[in-house]
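Trainee: My file is final.tsv. It has TSV, C-alpha atoms:
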```tsv
chain	number	residue	atom	x	y	z
A	19	MET	CA	21.71	-12.93	15.00
A	20	PHE	CA	21.07	-9.20	15.18
A	21	ASP	CA	17.53	-9.68	13.85
A	22	PHE	CA	16.90	-12.37	16.45
A	23	LEU	CA	18.12	-10.11	19.27
A	24	LYS	CA	16.03	-7.27	17.85
A	25	THR	CA	12.94	-9.51	17.89
A	26	VAL	CA	13.64	-10.55	21.47
A	27	GLY	CA	14.20	-6.90	22.45
A	28	GLN	CA	10.94	-5.85	20.82
A	29	GLY	CA	9.21	-8.71	22.59
A	30	ALA	CA	10.56	-7.52	25.95
A	31	LEU	CA	9.56	-3.93	25.26
A	32	TYR	CA	6.05	-4.78	24.19
A	33	LEU	CA	5.69	-7.25	27.07
A	34	ILE	CA	6.38	-4.41	29.51
A	35	PHE	CA	3.86	-2.14	27.76
A	36	SER	CA	1.37	-4.96	27.06
A	37	PRO	CA	-1.10	-4.01	29.85
A	38	PHE	CA	-1.45	-0.50	28.40
A	39	ILE	CA	-1.71	-1.82	24.85
A	40	LEU	CA	-4.36	-4.34	25.87
A	41	LEU	CA	-6.27	-1.64	27.74
A	42	GLY	CA	-6.16	0.55	24.65
A	43	VAL	CA	-7.40	-2.26	22.39
A	44	ALA	CA	-10.16	-3.14	24.88
A	45	LEU	CA	-11.37	0.47	25.00
A	46	TYR	CA	-11.22	0.71	21.23
A	47	SER	CA	-13.22	-2.52	20.96
A	48	VAL	CA	-15.99	-0.98	23.08
A	49	TYR	CA	-15.91	2.07	20.81
A	50	ALA	CA	-15.98	-0.25	17.78
A	51	ILE	CA	-19.13	-2.01	19.03
A	52	PHE	CA	-20.94	1.32	19.37
A	53	LEU	CA	-19.53	2.43	16.02
A	54	PHE	CA	-20.87	-0.71	14.35
A	55	PHE	CA	-24.41	-0.05	15.55
A	56	PHE	CA	-24.09	3.64	14.69
A	57	MET	CA	-23.03	2.74	11.14
A	58	PHE	CA	-25.88	0.24	10.92
A	59	ILE	CA	-28.42	2.95	11.80
A	60	LYS	CA	-26.69	5.37	9.43
A	61	ARG	CA	-26.95	2.84	6.63
A	62	ILE	CA	-30.70	2.48	7.21
A	63	VAL	CA	-31.12	6.27	7.17
A	64	LEU	CA	-29.08	6.54	3.97
A	65	PHE	CA	-31.11	3.73	2.41
A	66	PHE	CA	-34.33	5.67	2.93
A	67	LYS	CA	-32.63	8.75	1.49
A	68	GLY	CA	-31.94	6.77	-1.66
A	69	GLU	CA	-28.19	6.43	-1.11
A	70	ASP	CA	-26.07	3.35	-0.67
A	71	MET	CA	-23.12	3.28	1.68
A	72	LYS	CA	-21.41	0.67	-0.45
A	73	GLU	CA	-21.20	2.99	-3.42
A	74	GLU	CA	-18.35	5.39	-3.93
A	75	SER	CA	-18.55	8.69	-2.08
A	76	ARG	CA	-19.09	12.00	-3.83
A	77	TYR	CA	-15.40	12.77	-3.43
A	78	ASP	CA	-14.48	9.59	-5.27
A	79	LEU	CA	-16.90	10.23	-8.11
A	80	VAL	CA	-15.80	13.83	-8.60
A	81	ALA	CA	-12.13	12.84	-8.38
A	82	LYS	CA	-12.61	10.12	-10.96
A	83	VAL	CA	-14.37	12.46	-13.42
A	84	HIS	CA	-11.85	15.24	-12.82
A	85	LEU	CA	-8.87	12.98	-13.43
A	86	GLN	CA	-10.48	11.43	-16.51
A	87	ASN	CA	-11.13	14.88	-17.96
A	88	GLN	CA	-7.52	15.83	-17.36
A	89	ASP	CA	-6.31	12.68	-19.08
A	90	ILE	CA	-8.55	13.31	-22.09
A	91	GLU	CA	-7.33	16.92	-22.33
A	92	GLU	CA	-3.76	15.76	-22.19
A	93	GLU	CA	-4.41	13.17	-24.87
A	94	THR	CA	-6.12	15.70	-27.13
A	95	LYS	CA	-3.24	18.12	-26.68
A	96	GLN	CA	-0.72	15.46	-27.61
A	97	ASN	CA	-2.68	14.42	-30.70
A	98	SER	CA	-3.11	17.99	-31.94
A	99	ILE	CA	0.64	18.70	-32.11
A	100	ASP	CA	1.68	19.22	-35.78
A	101	VAL	CA	4.43	17.03	-37.01
A	102	PRO	CA	7.30	19.23	-38.26
A	103	SER	CA	7.58	19.36	-42.05
A	104	THR	CA	11.19	18.20	-41.95
A	105	ASN	CA	10.03	14.88	-40.66
A	106	LEU	CA	7.68	14.32	-43.54
A	107	ILE	CA	8.90	12.07	-46.28
A	108	LYS	CA	8.32	13.84	-49.54
A	109	GLU	CA	7.81	11.97	-52.70
A	110	GLN	CA	10.92	12.25	-54.80
A	111	THR	CA	10.60	12.28	-58.52
A	112	THR	CA	13.41	12.37	-61.04
A	113	ILE	CA	12.70	14.05	-64.30
A	114	ILE	CA	15.23	13.42	-67.00
A	115	GLN	CA	15.16	16.44	-69.22
A	116	SER	CA	18.33	15.83	-71.12
A	117	PRO	CA	20.91	13.10	-70.54
A	118	ILE	CA	24.55	14.17	-70.31
A	119	ILE	CA	27.61	12.43	-71.72
A	120	ILE	CA	30.75	13.16	-69.77
A	121	GLN	CA	34.10	12.21	-71.36
A	122	THR	CA	37.01	11.59	-69.03
A	123	ASP	CA	40.67	10.71	-69.56
A	124	GLU	CA	42.54	7.76	-68.02
A	125	GLN	CA	43.01	9.55	-64.74
A	126	GLY	CA	39.29	10.18	-64.51
A	127	ARG	CA	39.49	13.92	-65.23
A	128	ILE	CA	36.57	15.44	-67.05
A	129	LYS	CA	37.47	16.08	-70.66
A	130	SER	CA	34.19	17.21	-72.16
A	131	VAL	CA	30.50	17.20	-71.38
A	132	HIS	CA	27.79	16.78	-73.99
A	133	ASN	CA	24.08	17.14	-73.66
A	134	VAL	CA	21.86	14.78	-75.54
A	135	SER	CA	18.81	16.44	-76.97
A	136	PRO	CA	15.51	14.58	-77.09
A	137	ASN	CA	15.98	13.95	-80.82
A	138	GLY	CA	19.39	12.22	-80.15
A	139	GLN	CA	21.73	15.04	-81.22
A	140	LEU	CA	24.81	15.83	-79.12
A	141	SER	CA	25.48	19.39	-78.07
A	142	SER	CA	28.53	20.96	-76.40
A	143	ASN	CA	28.67	21.48	-72.67
A	144	ASN	CA	29.29	25.11	-73.17
A	145	ALA	CA	25.69	25.39	-74.08
A	146	ASN	CA	23.18	25.90	-71.24
A	147	VAL	CA	22.54	22.70	-69.36
A	148	LEU	CA	19.11	23.02	-67.87
A	149	ILE	CA	19.08	20.79	-64.84
A	150	ASN	CA	16.86	21.66	-61.94
A	151	LYS	CA	18.47	21.55	-58.54
A	152	ASP	CA	15.96	19.08	-57.25
A	153	GLU	CA	16.15	16.86	-60.24
A	154	THR	CA	18.64	14.09	-60.57
A	155	PRO	CA	20.03	13.78	-64.10
A	156	SER	CA	21.13	10.47	-65.45
A	157	ILE	CA	24.86	10.38	-65.99
A	158	GLU	CA	26.62	8.25	-68.50
A	159	THR	CA	30.40	8.00	-68.35
A	160	ARG	CA	32.43	7.18	-71.44
A	161	ARG	CA	36.16	6.80	-71.64
A	162	ASP	CA	38.35	7.62	-74.59
A	163	ASP	CA	39.78	4.13	-74.91
A	164	GLU	CA	36.31	2.58	-75.22
B	12	MET	CA	33.00	-14.26	43.41
B	13	ILE	CA	29.44	-15.18	42.51
B	14	THR	CA	30.11	-18.86	43.06
B	15	LEU	CA	31.27	-18.06	46.55
B	16	LEU	CA	28.19	-16.00	47.38
B	17	ILE	CA	25.56	-18.18	45.72
B	18	LYS	CA	25.71	-21.91	45.92
B	19	LEU	CA	23.35	-23.56	43.43
B	20	SER	CA	22.43	-27.20	43.65
B	21	GLU	CA	22.02	-29.33	40.53
B	22	SER	CA	18.24	-29.05	40.82
B	23	ASP	CA	18.45	-25.25	41.15
B	24	LYS	CA	20.58	-25.04	38.03
B	25	ARG	CA	18.06	-27.06	36.05
B	26	VAL	CA	15.22	-24.86	37.25
B	27	LEU	CA	17.20	-21.74	36.40
B	28	ILE	CA	17.93	-22.94	32.86
B	29	ALA	CA	14.29	-23.91	32.35
B	30	LEU	CA	13.19	-20.52	33.63
B	31	LEU	CA	15.54	-18.69	31.27
B	32	LEU	CA	14.38	-20.77	28.34
B	33	ILE	CA	10.73	-20.05	29.14
B	34	ILE	CA	11.43	-16.31	29.40
B	35	ILE	CA	13.30	-16.27	26.08
B	36	LEU	CA	10.51	-18.28	24.44
B	37	ILE	CA	7.88	-15.83	25.69
B	38	LEU	CA	9.94	-12.88	24.44
B	39	ILE	CA	10.35	-14.50	21.01
B	40	ILE	CA	6.62	-15.23	20.75
B	41	VAL	CA	5.73	-11.67	21.76
B	42	GLY	CA	8.36	-10.33	19.35
B	43	TYR	CA	6.90	-12.22	16.40
B	44	LEU	CA	3.38	-11.24	17.49
B	45	VAL	CA	4.51	-7.60	17.33
B	46	LYS	CA	5.90	-8.23	13.85
B	47	LEU	CA	2.55	-9.68	12.79
B	48	ILE	CA	0.68	-6.67	14.21
B	49	LYS	CA	3.07	-4.32	12.40
B	50	TYR	CA	2.40	-6.18	9.15
B	51	ILE	CA	-1.39	-5.85	9.66
B	52	VAL	CA	-0.92	-2.13	10.36
B	53	LYS	CA	1.10	-1.77	7.16
B	54	VAL	CA	-1.55	-3.53	5.08
B	55	GLN	CA	-4.31	-1.38	6.58
B	56	ALA	CA	-2.23	1.74	6.01
B	57	HIS	CA	-2.03	0.77	2.35
B	58	HIS	CA	-5.83	0.75	2.28
B	59	VAL	CA	-5.89	4.40	3.42
B	60	ASP	CA	-3.36	5.30	0.74
B	61	LYS	CA	-5.41	3.55	-1.91
B	62	ALA	CA	-8.69	5.13	-0.78
B	63	MET	CA	-7.36	8.69	-0.62
B	64	TYR	CA	-4.89	8.75	-3.53
B	65	ASP	CA	-7.24	9.85	-6.33
B	66	ILE	CA	-8.98	12.44	-4.15
B	67	LEU	CA	-5.66	14.05	-3.25
B	68	ASP	CA	-4.39	13.69	-6.82
B	69	ALA	CA	-7.43	15.63	-8.05
B	70	ASN	CA	-6.74	18.34	-5.44
B	71	LEU	CA	-10.27	18.03	-4.06
B	72	ILE	CA	-9.05	18.23	-0.47
B	73	THR	CA	-6.91	21.15	0.53
B	74	GLU	CA	-7.39	21.06	4.31
B	75	LYS	CA	-6.14	18.60	6.87
B	76	LYS	CA	-9.46	18.66	8.71
B	77	THR	CA	-11.38	17.60	5.58
B	78	PHE	CA	-8.81	14.91	4.89
B	79	PHE	CA	-9.32	13.41	8.35
B	80	LYS	CA	-13.09	13.60	7.98
B	81	VAL	CA	-13.20	11.85	4.60
B	82	SER	CA	-10.57	9.25	5.48
B	83	TRP	CA	-12.18	8.35	8.80
B	84	GLU	CA	-15.59	8.03	7.16
B	85	LYS	CA	-14.15	5.65	4.58
B	86	SER	CA	-12.40	3.71	7.34
B	87	ARG	CA	-15.61	3.41	9.36
B	88	ARG	CA	-17.54	2.19	6.34
B	89	LYS	CA	-14.90	-0.44	5.66
B	90	PHE	CA	-15.03	-1.48	9.31
B	91	TYR	CA	-18.81	-1.83	9.13
B	92	TYR	CA	-18.62	-4.12	6.11
B	93	ASP	CA	-15.70	-6.11	7.56
B	94	ALA	CA	-17.30	-6.57	10.98
B	95	ARG	CA	-20.73	-7.54	9.67
B	96	ILE	CA	-20.10	-11.29	9.57
B	97	PRO	CA	-18.68	-11.70	13.11
B	98	MET	CA	-21.39	-9.43	14.51
B	99	ILE	CA	-24.13	-11.39	12.73
B	100	VAL	CA	-22.66	-14.64	14.11
B	101	ILE	CA	-22.53	-13.25	17.66
B	102	ILE	CA	-26.07	-11.83	17.48
B	103	LEU	CA	-27.42	-15.08	15.99
B	104	MET	CA	-25.83	-17.18	18.72
B	105	ILE	CA	-27.15	-14.96	21.50
B	106	SER	CA	-30.62	-15.06	19.86
B	107	LEU	CA	-30.41	-18.85	19.66
B	108	ILE	CA	-29.66	-19.13	23.36
B	109	LEU	CA	-32.44	-16.66	24.22
B	110	VAL	CA	-34.97	-18.61	22.14
B	111	TYR	CA	-33.91	-21.86	23.84
B	112	GLN	CA	-34.15	-20.26	27.28
B	113	THR	CA	-37.65	-18.94	26.41
B	114	PHE	CA	-38.82	-22.43	25.42
B	115	LYS	CA	-37.27	-23.90	28.52
B	116	GLY	CA	-38.65	-21.17	30.74
B	117	ASP	CA	-35.33	-20.77	32.53
B	118	TYR	CA	-33.21	-17.71	31.75
B	119	SER	CA	-30.09	-19.04	33.41
B	120	TRP	CA	-26.79	-19.13	31.47
B	121	SER	CA	-25.21	-21.59	33.90
B	122	PHE	CA	-25.75	-24.68	31.67
B	123	ILE	CA	-23.24	-23.26	29.15
B	124	GLY	CA	-20.62	-22.87	31.87
B	125	GLU	CA	-21.24	-26.36	33.25
B	126	ASN	CA	-21.00	-28.08	29.86
B	127	LEU	CA	-17.89	-26.15	28.92
B	128	TYR	CA	-16.29	-26.96	32.28
B	129	ASP	CA	-16.94	-30.66	31.67
B	130	ALA	CA	-15.43	-30.36	28.18
B	131	SER	CA	-12.31	-28.66	29.48
B	132	PHE	CA	-9.26	-30.38	30.92
B	133	THR	CA	-7.03	-29.36	33.79
B	134	LEU	CA	-3.26	-29.69	33.89
B	135	HIS	CA	-1.23	-30.05	37.02
B	136	PHE	CA	2.20	-28.46	36.84
B	137	PRO	CA	4.71	-29.83	39.37
B	138	THR	CA	6.57	-26.98	41.10
B	139	GLU	CA	9.74	-26.55	43.08
B	140	ASN	CA	10.88	-23.96	45.53
B	141	PHE	CA	13.46	-21.61	43.97
B	142	PHE	CA	14.71	-18.77	46.19
B	143	GLY	CA	11.35	-18.69	47.92
B	144	LEU	CA	9.40	-18.84	44.65
B	145	GLN	CA	7.26	-21.77	43.54
B	146	LEU	CA	8.35	-22.37	39.93
B	147	ILE	CA	7.31	-25.02	37.40
B	148	SER	CA	9.88	-27.79	37.43
B	149	ASN	CA	8.52	-30.43	35.04
B	150	TRP	CA	6.01	-31.27	32.32
B	151	PRO	CA	2.38	-31.15	33.51
B	152	THR	CA	0.11	-34.09	34.21
B	153	ILE	CA	-3.63	-34.22	33.39
B	154	SER	CA	-5.59	-33.86	36.60
B	155	LYS	CA	-9.03	-33.65	34.93
B	156	ALA	CA	-9.86	-35.13	31.55
B	157	SER	CA	-12.45	-33.71	29.10
B	158	VAL	CA	-15.96	-35.15	29.13
B	159	PHE	CA	-18.25	-34.41	26.19
B	160	HIS	CA	-21.99	-34.95	26.53
B	161	PHE	CA	-22.88	-35.57	22.92
B	162	ASP	CA	-26.25	-37.07	23.87
B	163	SER	CA	-27.41	-33.80	25.46
B	164	PHE	CA	-29.04	-30.99	23.43
B	165	GLU	CA	-27.91	-28.38	25.95
B	166	ALA	CA	-24.33	-29.57	25.60
B	167	TRP	CA	-24.50	-29.26	21.81
B	168	ILE	CA	-25.86	-25.72	22.09
B	169	SER	CA	-23.09	-24.87	24.55
B	170	TYR	CA	-20.32	-26.18	22.27
B	171	ILE	CA	-21.69	-24.43	19.17
B	172	PHE	CA	-22.19	-21.23	21.16
B	173	PHE	CA	-18.61	-21.35	22.46
B	174	ILE	CA	-17.06	-22.00	19.02
B	175	ALA	CA	-19.18	-19.38	17.26
B	176	ILE	CA	-18.68	-16.72	19.93
B	177	SER	CA	-14.92	-17.38	19.97
B	178	TYR	CA	-14.76	-16.99	16.18
B	179	GLY	CA	-16.93	-13.86	16.30
B	180	ALA	CA	-14.89	-12.27	19.08
B	181	ILE	CA	-11.52	-12.96	17.44
B	182	HIS	CA	-12.71	-11.77	14.02
B	183	PHE	CA	-14.25	-8.64	15.54
B	184	LEU	CA	-11.04	-7.96	17.45
B	185	VAL	CA	-9.02	-8.22	14.23
B	186	CYS	CA	-11.45	-5.78	12.55
B	187	THR	CA	-11.08	-3.43	15.53
B	188	CYS	CA	-7.27	-3.57	15.31
B	189	ALA	CA	-7.51	-2.84	11.58
B	190	LEU	CA	-9.80	0.14	12.27
B	191	MET	CA	-7.39	1.43	14.89
B	192	ALA	CA	-4.44	1.01	12.51
B	193	ARG	CA	-6.25	2.89	9.74
B	194	ASP	CA	-7.31	5.70	12.08
B	195	ILE	CA	-3.79	6.14	13.44
B	196	TYR	CA	-2.28	6.05	9.95
B	197	THR	CA	-4.80	8.65	8.76
B	198	ILE	CA	-3.54	11.08	11.39
B	199	LYS	CA	0.06	10.36	10.43
B	200	ALA	CA	-0.55	10.60	6.67
B	201	GLY	CA	-2.63	13.79	7.04
B	202	ASN	CA	0.04	15.47	9.12
B	203	ASP	CA	2.70	14.46	6.60
B	204	TYR	CA	0.75	15.54	3.52
B	205	PHE	CA	-0.42	18.88	4.85
B	206	HIS	CA	2.80	19.64	6.65
B	207	LYS	CA	4.02	23.13	5.82
B	208	ASP	CA	7.77	23.46	5.64
B	209	ILE	CA	9.38	26.75	4.64
B	210	LYS	CA	12.49	24.98	3.38
B	211	ASP	CA	10.42	22.75	1.10
B	212	LEU	CA	8.51	25.78	-0.17
B	213	LYS	CA	11.73	27.61	-0.98
B	214	LYS	CA	13.13	24.58	-2.75
B	215	ALA	CA	9.95	24.18	-4.81
B	216	LYS	CA	10.00	27.84	-5.78
B	217	MET	CA	13.63	27.67	-6.77
B	218	GLU	CA	12.94	24.63	-8.88
B	219	ALA	CA	9.93	26.30	-10.47
B	220	GLN	CA	12.03	29.34	-11.39
B	221	GLN	CA	14.86	27.07	-12.45
B	222	ALA	CA	17.19	29.12	-10.31
B	223	HIS	CA	20.87	28.25	-10.58
B	224	ARG	CA	20.12	26.03	-13.49
B	225	LYS	CA	20.29	28.39	-16.44
B	226	ASN	CA	23.54	28.37	-18.33
B	227	PRO	CA	25.20	31.75	-18.95
B	228	THR	CA	24.71	33.19	-22.41
B	229	GLN	CA	27.48	33.16	-25.00
B	230	GLU	CA	27.81	36.95	-24.67
B	231	MET	CA	28.46	36.59	-20.97
B	232	MET	CA	31.03	33.88	-21.62
B	233	ASP	CA	32.75	35.97	-24.26
B	234	TYR	CA	32.79	38.96	-21.95
B	235	VAL	CA	34.30	36.92	-19.12
B	236	GLU	CA	36.90	35.35	-21.38
B	237	ASN	CA	37.92	38.74	-22.81
B	238	LYS	CA	38.11	40.15	-19.31
B	239	ASP	CA	40.51	37.40	-18.31
B	240	LYS	CA	42.73	38.11	-21.30
B	241	ASP	CA	42.88	41.79	-20.39
```
Is it possible to give me this structure as structure tokens?
Mentor:
Amino acid sequence: MFDFLKTVGQGALYLIFSPFILLGVALYSVYAIFLFFFMFIKRIVLFFKGEDMKEESRYDLVAKVHLQNQDIEEETKQNSIDVPSTNLIKEQTTIIQSPIIIQTDEQGRIKSVHNVSPNGQLSSNNANVLINKDETPSIETRRDDE
Amino acid sequence: MITLLIKLSESDKRVLIALLLIIILILIIVGYLVKLIKYIVKVQAHHVDKAMYDILDANLITEKKTFFKVSWEKSRRKFYYDARIPMIVIILMISLILVYQTFKGDYSWSFIGENLYDASFTLHFPTENFFGLQLISNWPTISKASVFHFDSFEAWISYIFFIAISYGAIHFLVCTCALMARDIYTIKAGNDYFHKDIKDLKKAKMEAQQAHRKNPTQEMMDYVENKDKD
């Protein structure tokens, strides 16, 4: 209802001002006729200068190149960013130097640890166990009751 | 009170209602016509935005005067290409009539008027007197029917001329309205874009400096907290 009244109100307002609006449009139409012929002559002049009015203006061409260059620069900048080393997935290798035998009691408490030498001999845990920090040793658990 | 002062007959009431309905109908039609014009203006304004966006984005124009110059030139060029067809139609039709008149040896334009008058029809609107005014009181009757002379070459030329010129004039008028809309919007958009506001400048500077956005350092916080304890 409000929209309808608004439309009617606008109609009334523009009806009152319609003579002035029509006068304005009529004057602009006269200007437009002259403008059309002016542009026609201008087009002929530009044609003999080797330019075409239909083509993009110099502003458009420069703007297009300028924006393209900016985009390319931005893209290059983004591609050249080094990926932080923490994000790289490093190849993990496990080197078994000497397997360990851990003996536990019924409660699961460590009783003794033995290293197994490459030739199959057991050695006490009190001896130096050479396990690199980065290397994962294989662990074999044996219980007394087994 | 009013009923005592003004005594309306049944016929007067009918005329009054009809008059009110006609007025409301005219207002509605004009209102929707205004809406249509506003829509055309909006569409044409979008053309200015589209044409000038990249140039402003690339910061090639830094002055309002240059903006107006470039935008108006683009608008004029668009007008020229839009108005070519109606202008060609109008020029062709006028040329056709001139060629015919040359062959005939008579440079009078009256035959067009005569043929079109015969093709037109006239309506007779019955009126009634309402407070001293002659107002339409009923549907019209046809007082003169249309007569088409399809066997006459002159009549054919007249009809084609009328149709083509009407099309050309309406199309050219639409192009003119579009040109006017673009030119007016250019002024508005230019004034908006190159408007210098001290408040906006201050706000932009503050945002650039990130004023009032930095968090206090831990040392500051510790100092404040210790101060409170003391």
Trainee: Using only C-alpha atoms, tabulate the residues of chain B lying at most 8 Å from any atom of chain A, each with its closest atom pair and that distance in Å to one decimal, by chain and increasing residue number, as a tab-separated table.
Mentor:
```
residue	atom	partner	partner_atom	distance
B:Ile35	CA	A:Val26	CA	7.4
B:Ile37	CA	A:Gly29	CA	7.9
B:Leu38	CA	A:Gly29	CA	4.6
B:Ile39	CA	A:Val26	CA	5.2
B:Ile40	CA	A:Gly29	CA	7.3
B:Val41	CA	A:Gly29	CA	4.6
B:Gly42	CA	A:Gly29	CA	3.7
B:Tyr43	CA	A:Thr25	CA	6.8
B:Val45	CA	A:Gly29	CA	7.1
B:Asp65	CA	A:Ala81	CA	6.1
B:Ile66	CA	A:Ala81	CA	5.3
B:Asp68	CA	A:Ala81	CA	7.9
B:Ala69	CA	A:Ala81	CA	5.5
B:Leu71	CA	A:Ala81	CA	7.0
B:Arg87	CA	A:Met57	CA	7.7
B:Arg88	CA	A:Met57	CA	7.3
B:Phe90	CA	A:Phe54	CA	7.8
B:Tyr91	CA	A:Phe54	CA	5.7
B:Ala94	CA	A:Phe54	CA	7.6
B:Leu184	CA	A:Ser47	CA	6.8
B:Thr187	CA	A:Ser47	CA	5.9
B:Cys188	CA	A:Val43	CA	7.2
B:Met191	CA	A:Tyr46	CA	7.4
```
Trainee: Extending 4 Å beyond the listed atoms of stretch 209-218 of chain B on each side, what axis-aligned box results? I want centre and edge lengths in Å to one decimal, as AutoDock Vina command-line options.
Mentor:
```
--center_x 11.1 --center_y 25.3 --center_z -2.1 --size_x 13.1 --size_y 13.1 --size_z 21.5
```
Trainee: For B:Lys61, which residue among B:Phe141, B:Val235, B:Ser20, B:Arg193 is the nearest when counting only C-alpha atoms?
Mentor: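 Checking each candidate against B:Lys61, we get B:Arg193 as the closest.
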Trainee: Excluding stretch 96-107 of chain B and any residue of its chain fewer than 3 positions from it, enumerate the residues within 8 Å of it, using only C-alpha atoms, and give them as a PyMOL selection string.
Mentor: chain B and resi 93+110-111+172+175-176+178-180+182-183
Trainee: Grab the atom CA of B:Thr152 to atom CA of B:Glu21 distance for me, in Å with one decimal place.
Mentor: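 Distance reported for this atom pair: 23.3 Å.
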Trainee: Between atom CA of B:Lys53 and atom CA of B:Asn70, what is the distance in Å, rounded to a tenth?
Mentor: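 These atoms are spaced 25.0 Å apart.
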Trainee: What's the separation between atom CA of B:Asn140 and atom CA of B:Leu31, in Å to one decimal place?
Mentor: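 That distance, rounded to one decimal, is 15.9 Å.
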Trainee: Nearest to B:Phe78: which of B:Lys155, B:Lys199, B:Lys18, B:Lys210 is it, counting only C-alpha atoms?
Mentor: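 With only C-alpha atoms as the atom set, the closest residue is B:Lys199.
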Trainee: Given only C-alpha atoms as the basis, pick out the residue of B:Ser82, B:Ser121, B:Lys76, B:Glu139 nearest to B:Ile108.
Mentor: B:Ser121
Trainee: Please provide the set of residues having any atom within 12 Å of stretch 161-163 of chain B, restricted to only C-alpha atoms, with same-chain residues fewer than 4 positions apart removed, written as number ranges by chain.
Mentor: B: 122-123, 126, 129-130, 167-171
